[in-house]
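*Asks:* Handing you this structure, nothing more for now.
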Amino acid sequence: MLFLKIGRVSGMEIHLNNYFLALLGLFFVAGVLGKGLIAFAVVLFHELAHVAVARRLGVQVSDIELLPFGGVSRMGGDIVFDPAKEVYVAVAGPAANLFLTGLGTVLNNHSLWDKDLGLFFLHCNLMVAAFNLLPALPLDGGRVFRAYLARRSGLKKATYLAAWWGQFWGVVITAGGLAGLVMRLSGLDIIITGLFLLYAATREKSLAPYHFIRHLVQKKNELAAAGVLPGEPLVSLDTVRLGHLIQAFLPQRFHLVLLLGHDWQYKGVVSEVQIIEALLAEGVDCPVGKLLNPHV
């Protein structure tokens with residue numbers, strides 16, 4: 001996806017996505033560029049709130065890309081593997097917009113700004129906050145939704161499901177925008193937003209295997225850093241393939257797998273570290289029982 005670099009703040013580059021650039025173009029053509037600039041400021045503040053909380057939690061942020069409905073901050077990938085951090089960072093954006101809504105309401109009640117642009121400012125903040133709370137990746141609500149699911153079904157399944165909802169809402173919003181355009185109830189902005197959400201959700205879905213493998217590989221680092229992690233026991237037949245077994249792994253848990261043979265008798269125990277090393281060396285089709293007899 002192409003973007004325009006517009007500046008640098010506190011060591012971070014800020015990029016304007018082409019979809020957002022097109023949206024500002026529509027505001028300009030319609031003769032309401034002032035509203036477009038307000039939308040830009042609202043989205044920027046939303047994203048800077050994410051960055052502020054991320055840095056507070058020790059997460060590195062390299063750059064920001066502004067989108068029609070929010071933005072994407074290029075953060076350290078480790079945040080995906082820490083559900084608590086992901087929730088805090090995700091909630092910061094909508095919370096910032098709600099704060100601006102409250103501030104704008106006070107200014108509006110005291111007649112301290114232009115009524116037309118002030119009302120648009122309030123509506124813009126409410127729309128960005130509400131839209132981002134949808135439980136669909138890559139929206140903030142989708143990240144909270146994924147963090148919730150990841151604790152129960154694992155990171156990969158959680159990402160797939162949250163991204164599917166992103167694709168669903170992308171189609172719904174695009175279809176609604178097309179209907180609104182035909183009936184002259186809305187403009188191209190809704191269609192652009194829906195199309196980008198569909199694209200971004202598809203991209204998130206394609207990254208699910210990558211995130212999952214990185215999550216597995218860094219487990220040893222998590223254990224070394226924390227010293228201790230909660231254990232998660234699993235029971236598996238020794239013929240189960242590693243690619244299937246790892247689907248049951250949960251974030252911030254260290255797994256020990258008790259193996260049973262075809263006669264349901266105890267064969268032994270393998271650790272998550274052994275499974276990850278075998279996965280990288282042997283591939284997803286390696287039966288877990290081979291770890292008990294690695295030279296066979």
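Residue numbering restarts at 1 for every chain of the structure tokens, chains are lettered A, B, ... in their displayed order, and ligands are numbered from 1 as they appear.
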Using only C-alpha atoms, which residues sit within 9 Å of Val171 of chain A once same-chain residues fewer than 6 positions away are excluded, as number ranges by chain?
*Replies:* A: 194-195, 197-198
*Asks:* Within 7 Å of Glu13 of chain A, counting only C-alpha atoms, which residues show up once you throw out same-chain ones fewer than 5 positions away? Write them as a count of residues only, please.
*Replies:* 5
*Asks:* Check the smallest atom-to-atom distance from each of A:Ile38, A:Leu234, A:Leu57, A:Ala248 to Cys124 of chain A using only C-alpha atoms, then report the winner.
*Replies:*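 Nearest to Cys124 of chain A: A:Ile38.
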*Asks:* I need the alpha helix (DSSP H) residues of segment 218-281 of chain A per DSSP on the backbone, written as a PyMOL selection string.
*Replies:* chain A and resi 219-226+242-245+272-281
